[in-house]
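J.: Here you go, one structure.
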Amino acid sequence: MGESSRHTALNPSAQIVKEARKRAKAEPARRGEPSFHMTEDMRRLSTPWFVALSRADRIDPNVLPAGVILDAAAGSGLQLVAYSQVLKRPSLGIEMDGNVAVLCAANMHINSEEGDLQRSMDRVVIGDGSDAEGAITEYWNSLREAGTRAHPPVAMLHLDPARPGDAQNHDVDEMEPSLSSVLRGWADHLQSGPRGPAMLLDLSPRLDEMQQSVVESIVQTTFPGVNSTWEWLSQGGGRVDRLSLWVGALASSEDHRCVRMGTKHVIASIEGSPSMSDTVEMSKPPPYGAHMTIVDPALVQSGLQEVWLERALREDSGHSWLRLEGRRPLLIHTDPLIMSEDVEGFVVATGEIVQHRLRPPELHTIDQVAASMARNGIGKVTLRCNLNPDVHPTLQRRLDRELREIDGARGFMVDIEIERDSGGQVLYVVCRE
């Protein structure tokens, strides 16, 4: 491209808001959060506000050079609004879809403070986010037409490219706009300090190690020698919710980070270098009095489970990983965990082994299961084992009902594989928290 005529700048304004109201109502996703104009599809794919805000809060404004915050695939503009509010910088969003761009500009306007001079330099440019020359020229022309003679450079680049509908499996080159074309296009317009340019790449959490290496290669080809930090973010649902690469001025001293988000703020964060862990096969049931812990799978996917272990257990504590795959990575250990915010934040459940069961809970045995729990001082148990998903919720409700009169501790049930000479056997282990 390269021609400003192929881009159109929108100035966030009351008139834009009026137009946006015809297309989508402005609503908050949750009580107490800002309102945004979004279609149903946009809302479904949008970054939660508290996640966007936490990202902005974790960026030191002092590491950013002068200039605007750029989002090269702005969408609704929610993340850009969060950056603007926290970092107090002008914002430039680029969006290929003209209808979405109108909503983005409206969102920037309704979430700005009246009289804020920084906001007079906010713009949304309709066009290709990888065509830096065309977009920045259109931006500067729009500022000049509004009476602003400044030609601000880009202080920070955010990119959250669109992915195919089947987000479970896709390649890096299927992102739109293309990661390599965006980085190459904006390389000369990005201000760079002692630690390099400031970039945050919001990527699919389904990218495997090979695809992550491809992303790193693209970044290093465009900005040789720049440091970067991979961040795995979990909201506690048994999966990685966000995977992002923090580059240059935004990178930390470590190359991997795992973050556990609560409903409003970061609960725990751990950084370090990834390492491999070995799992053991059990040939007999685990001893009573030992402890089991289910950890957040995002911790394992980040490769930082051994860094976490160094904080979670005394050096002389015996421990083994029983499972590292799936939604319930499982650790067995001789002593209780040493609890701190950054340890406990990645714990799904932990407790002392008090019972073994050879069969899973079933509807016709749920009263017997509840009675055995009560005898072990447990008044509430969560089934954290592989059960038929069609009956799992019913089993949990029935168990809760049977135990509701019992004044006891909380507990959980987990399944493990026992390897015997005759073959594998599933054992259901009950732990008291």
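Simple scheme: letters A, B, ... for chains in structure tokens order, numbers from 1 for residues in each chain, numbers from 1 for ligands in the order shown.
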Neighbours of region 91-105 of chain A within 6 Å (only C-alpha atoms; same-chain residues fewer than 6 positions away dropped), as a list in words?
T.: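 That gives Pro12, Ala20, His37, Val68, Ile69, Leu70, Asp71, Ala72, Ala73, Ala74, Ser76, Gly77, Asp122, Arg123, Val124, Val125, Ile126, Gly127, Asp128 and Gly129 of chain A.
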J.: Just want the 12 Å neighbourhood of region 415-421 of chain A, counted on only C-alpha atoms, with same-chain residues fewer than 4 positions away dropped. Output as a PDB file with C-alpha atoms, in the first residue's frame.
T.:
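Writing done, so here's part22.pdb:
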```
ATOM      1  CA  THR A 279       6.825 -38.359  36.461  1.00  0.00           C
ATOM      2  CA  VAL A 280       6.798 -41.586  38.476  1.00  0.00           C
ATOM      3  CA  GLU A 281       4.548 -44.618  38.225  1.00  0.00           C
ATOM      4  CA  MET A 282       3.107 -45.863  41.504  1.00  0.00           C
ATOM      5  CA  SER A 283       3.092 -49.612  42.076  1.00  0.00           C
ATOM      6  CA  LYS A 284       1.064 -49.443  45.279  1.00  0.00           C
ATOM      7  CA  PRO A 285      -1.428 -47.047  46.863  1.00  0.00           C
ATOM      8  CA  PRO A 286       0.048 -43.828  48.283  1.00  0.00           C
ATOM      9  CA  MET A 292      -1.358 -34.507  47.230  1.00  0.00           C
ATOM     10  CA  ILE A 294      -3.299 -30.425  42.038  1.00  0.00           C
ATOM     11  CA  TRP A 321       5.056 -35.664  40.004  1.00  0.00           C
ATOM     12  CA  LEU A 322       2.415 -38.282  39.270  1.00  0.00           C
ATOM     13  CA  ARG A 323       0.894 -36.445  36.314  1.00  0.00           C
ATOM     14  CA  ARG A 328      -5.086 -31.769  36.712  1.00  0.00           C
ATOM     15  CA  PRO A 329      -1.284 -31.986  37.062  1.00  0.00           C
ATOM     16  CA  LEU A 330      -0.710 -33.939  40.276  1.00  0.00           C
ATOM     17  CA  LEU A 331       2.082 -33.845  42.855  1.00  0.00           C
ATOM     18  CA  ILE A 332       2.564 -36.186  45.829  1.00  0.00           C
ATOM     19  CA  GLN A 355      -8.817 -42.644  52.107  1.00  0.00           C
ATOM     20  CA  HIS A 356      -8.428 -44.950  49.092  1.00  0.00           C
ATOM     21  CA  ARG A 357     -11.380 -46.126  47.031  1.00  0.00           C
ATOM     22  CA  LEU A 358     -11.277 -48.850  44.398  1.00  0.00           C
ATOM     23  CA  ARG A 359     -14.373 -47.668  42.552  1.00  0.00           C
ATOM     24  CA  PRO A 360     -15.551 -44.238  41.412  1.00  0.00           C
ATOM     25  CA  PRO A 361     -18.637 -42.638  42.993  1.00  0.00           C
ATOM     26  CA  LEU A 383     -14.816 -34.552  42.761  1.00  0.00           C
ATOM     27  CA  ARG A 384     -11.600 -33.718  40.893  1.00  0.00           C
ATOM     28  CA  CYS A 385     -11.368 -36.994  39.003  1.00  0.00           C
ATOM     29  CA  ASN A 386     -12.232 -38.283  35.565  1.00  0.00           C
ATOM     30  CA  LEU A 387     -15.887 -39.254  35.608  1.00  0.00           C
ATOM     31  CA  GLN A 425      -5.644 -50.007  38.001  1.00  0.00           C
ATOM     32  CA  VAL A 426      -7.369 -46.698  38.733  1.00  0.00           C
ATOM     33  CA  LEU A 427      -7.440 -45.738  42.414  1.00  0.00           C
ATOM     34  CA  TYR A 428      -9.605 -42.943  43.791  1.00  0.00           C
ATOM     35  CA  VAL A 429      -7.806 -41.047  46.538  1.00  0.00           C
ATOM     36  CA  VAL A 430      -9.580 -38.794  49.038  1.00  0.00           C
ATOM     37  CA  CYS A 431      -7.637 -35.902  50.562  1.00  0.00           C
TER      38      CYS A 431
END
```
J.: Could you pull out all residues of region 67-251 of chain A with a DSSP call of strand (DSSP E or B) and give them as a ChimeraX atom specification?
T.: /A:68-71,91-95,123-126,154-159,162,176,190,192-193,196-203,228-234,242-248
J.: To test your reading of the structure, identify every residue in region 169-380 of chain A that backbone DSSP assigns to helix (DSSP H, G or I), and report it as a short mmCIF file (atom, residue, chain, number, x, y, z; two decimals) with N, CA and C atoms, in the first residue's frame.
T.:
```cif
data_model
loop_
_atom_site.label_atom_id
_atom_site.label_comp_id
_atom_site.auth_asym_id
_atom_site.auth_seq_id
_atom_site.Cartn_x
_atom_site.Cartn_y
_atom_site.Cartn_z
N VAL A 172 1.17 -20.13 12.82
CA VAL A 172 1.48 -18.72 13.03
C VAL A 172 1.13 -17.90 11.79
N ASP A 173 1.37 -18.47 10.61
CA ASP A 173 1.14 -17.70 9.38
C ASP A 173 -0.35 -17.55 9.03
N GLU A 174 -1.23 -18.13 9.85
CA GLU A 174 -2.66 -17.95 9.63
C GLU A 174 -3.22 -16.74 10.37
N LEU A 179 2.01 -11.43 11.50
CA LEU A 179 2.93 -10.95 12.53
C LEU A 179 4.21 -10.38 11.92
N SER A 180 4.79 -11.08 10.96
CA SER A 180 6.04 -10.61 10.35
C SER A 180 5.84 -9.31 9.58
N SER A 181 4.72 -9.18 8.86
CA SER A 181 4.50 -7.96 8.08
C SER A 181 4.26 -6.76 8.98
N VAL A 182 3.57 -6.97 10.11
CA VAL A 182 3.33 -5.85 11.04
C VAL A 182 4.64 -5.40 11.67
N LEU A 183 5.45 -6.34 12.13
CA LEU A 183 6.72 -5.96 12.77
C LEU A 183 7.66 -5.29 11.78
N ARG A 184 7.77 -5.84 10.57
CA ARG A 184 8.63 -5.21 9.56
C ARG A 184 8.12 -3.82 9.21
N GLY A 185 6.79 -3.70 9.06
CA GLY A 185 6.24 -2.43 8.65
C GLY A 185 6.46 -1.32 9.67
N TRP A 186 6.37 -1.64 10.96
CA TRP A 186 6.46 -0.61 11.99
C TRP A 186 7.85 -0.47 12.61
N GLU A 209 5.29 -25.39 21.36
CA GLU A 209 6.67 -24.92 21.49
C GLU A 209 7.28 -24.58 20.13
N MET A 210 6.99 -25.39 19.12
CA MET A 210 7.53 -25.13 17.79
C MET A 210 7.00 -23.81 17.24
N GLN A 211 5.71 -23.56 17.42
CA GLN A 211 5.12 -22.31 16.93
C GLN A 211 5.63 -21.11 17.73
N GLN A 212 5.86 -21.31 19.01
CA GLN A 212 6.44 -20.23 19.81
C GLN A 212 7.84 -19.88 19.31
N SER A 213 8.59 -20.90 18.90
CA SER A 213 9.93 -20.66 18.35
C SER A 213 9.85 -19.88 17.04
N VAL A 214 8.83 -20.16 16.24
CA VAL A 214 8.64 -19.41 15.00
C VAL A 214 8.39 -17.93 15.31
N VAL A 215 7.55 -17.67 16.32
CA VAL A 215 7.28 -16.28 16.72
C VAL A 215 8.57 -15.61 17.18
N GLU A 216 9.35 -16.30 17.98
CA GLU A 216 10.62 -15.73 18.45
C GLU A 216 11.54 -15.41 17.29
N SER A 217 11.57 -16.29 16.30
CA SER A 217 12.43 -16.06 15.13
C SER A 217 11.99 -14.83 14.35
N ILE A 218 10.68 -14.64 14.23
CA ILE A 218 10.17 -13.46 13.53
C ILE A 218 10.59 -12.19 14.27
N VAL A 219 10.47 -12.20 15.60
CA VAL A 219 10.85 -11.03 16.40
C VAL A 219 12.34 -10.77 16.27
N GLN A 220 13.16 -11.83 16.37
CA GLN A 220 14.61 -11.65 16.33
C GLN A 220 15.09 -11.22 14.94
N THR A 221 14.40 -11.67 13.90
CA THR A 221 14.78 -11.26 12.54
C THR A 221 14.56 -9.77 12.35
N THR A 222 13.49 -9.25 12.93
CA THR A 222 13.17 -7.83 12.78
C THR A 222 13.94 -6.96 13.76
N PRO A 297 -2.73 -26.09 35.51
CA PRO A 297 -2.02 -26.59 34.33
C PRO A 297 -1.22 -25.52 33.60
N ALA A 298 -1.59 -24.25 33.75
CA ALA A 298 -0.82 -23.18 33.11
C ALA A 298 0.60 -23.14 33.66
N LEU A 299 0.76 -23.46 34.95
CA LEU A 299 2.09 -23.48 35.56
C LEU A 299 2.98 -24.50 34.85
N VAL A 300 2.41 -25.68 34.57
CA VAL A 300 3.18 -26.73 33.90
C VAL A 300 3.45 -26.35 32.45
N GLN A 301 2.47 -25.78 31.78
CA GLN A 301 2.68 -25.40 30.38
C GLN A 301 3.73 -24.31 30.24
N GLN A 305 7.13 -25.24 36.77
CA GLN A 305 6.70 -26.02 37.93
C GLN A 305 7.84 -26.31 38.90
N GLU A 306 9.07 -26.44 38.40
CA GLU A 306 10.20 -26.70 39.30
C GLU A 306 10.60 -25.43 40.05
N VAL A 307 10.48 -24.28 39.41
CA VAL A 307 10.71 -23.00 40.10
C VAL A 307 9.70 -22.83 41.23
N TRP A 308 8.45 -23.19 40.93
CA TRP A 308 7.39 -23.12 41.94
C TRP A 308 7.68 -24.09 43.09
N LEU A 309 8.14 -25.30 42.76
CA LEU A 309 8.44 -26.30 43.79
C LEU A 309 9.49 -25.82 44.78
N GLU A 310 10.48 -25.08 44.29
CA GLU A 310 11.53 -24.58 45.17
C GLU A 310 10.97 -23.66 46.25
N ARG A 311 9.86 -23.00 45.94
CA ARG A 311 9.22 -22.12 46.92
C ARG A 311 8.18 -22.86 47.75
N ALA A 312 7.61 -23.93 47.17
CA ALA A 312 6.46 -24.57 47.79
C ALA A 312 6.83 -25.63 48.83
N GLU A 341 1.60 -16.20 48.76
CA GLU A 341 0.69 -15.81 47.67
C GLU A 341 1.10 -16.44 46.35
N ASP A 342 2.40 -16.42 46.05
CA ASP A 342 2.85 -16.91 44.76
C ASP A 342 2.93 -18.43 44.70
N VAL A 343 2.81 -19.10 45.84
CA VAL A 343 2.68 -20.56 45.85
C VAL A 343 1.22 -20.95 45.79
N GLU A 344 0.42 -20.42 46.71
CA GLU A 344 -0.99 -20.79 46.82
C GLU A 344 -1.79 -20.41 45.57
N LEU A 363 -24.17 -43.24 41.28
CA LEU A 363 -25.43 -42.73 41.84
C LEU A 363 -25.99 -43.65 42.92
N HIS A 364 -25.86 -44.98 42.72
CA HIS A 364 -26.44 -45.91 43.69
C HIS A 364 -25.56 -46.12 44.92
N THR A 365 -24.31 -45.56 44.90
CA THR A 365 -23.41 -45.70 46.06
C THR A 365 -23.09 -44.37 46.71
N ILE A 366 -23.76 -43.29 46.29
CA ILE A 366 -23.36 -41.97 46.76
C ILE A 366 -23.55 -41.81 48.26
N ASP A 367 -24.56 -42.49 48.85
CA ASP A 367 -24.76 -42.39 50.29
C ASP A 367 -23.63 -43.07 51.05
N GLN A 368 -23.12 -44.17 50.50
CA GLN A 368 -21.99 -44.86 51.13
C GLN A 368 -20.72 -44.01 51.04
N VAL A 369 -20.52 -43.37 49.87
CA VAL A 369 -19.36 -42.48 49.70
C VAL A 369 -19.42 -41.34 50.70
N ALA A 370 -20.60 -40.73 50.85
CA ALA A 370 -20.75 -39.61 51.78
C ALA A 370 -20.49 -40.05 53.21
N ALA A 371 -20.98 -41.21 53.60
CA ALA A 371 -20.78 -41.70 54.96
C ALA A 371 -19.31 -41.92 55.26
N SER A 372 -18.56 -42.46 54.28
CA SER A 372 -17.12 -42.68 54.49
C SER A 372 -16.37 -41.35 54.59
N MET A 373 -16.82 -40.34 53.85
CA MET A 373 -16.21 -39.01 53.95
C MET A 373 -16.43 -38.44 55.35
N ALA A 374 -17.67 -38.56 55.84
CA ALA A 374 -17.99 -38.02 57.15
C ALA A 374 -17.16 -38.68 58.24
N ARG A 375 -16.91 -39.99 58.11
CA ARG A 375 -16.10 -40.69 59.11
C ARG A 375 -14.67 -40.17 59.13
#
```
J.: Please determine, counting only C-alpha atoms, which residue among A:Glu114, A:Asp241, A:Asp188, A:Glu362 has the shortest atom-to-atom distance to Pro153 (chain A).
T.: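 Of the candidates, the smallest distance to Pro153 (chain A) is held by A:Asp188.
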J.: Skip region 271-277 of chain A itself and residues of its chain fewer than 2 positions away, then list as a PyMOL selection string all residues within 6 Å of it, counting only C-alpha atoms.
T.: chain A and resi 254+256-257+303-304
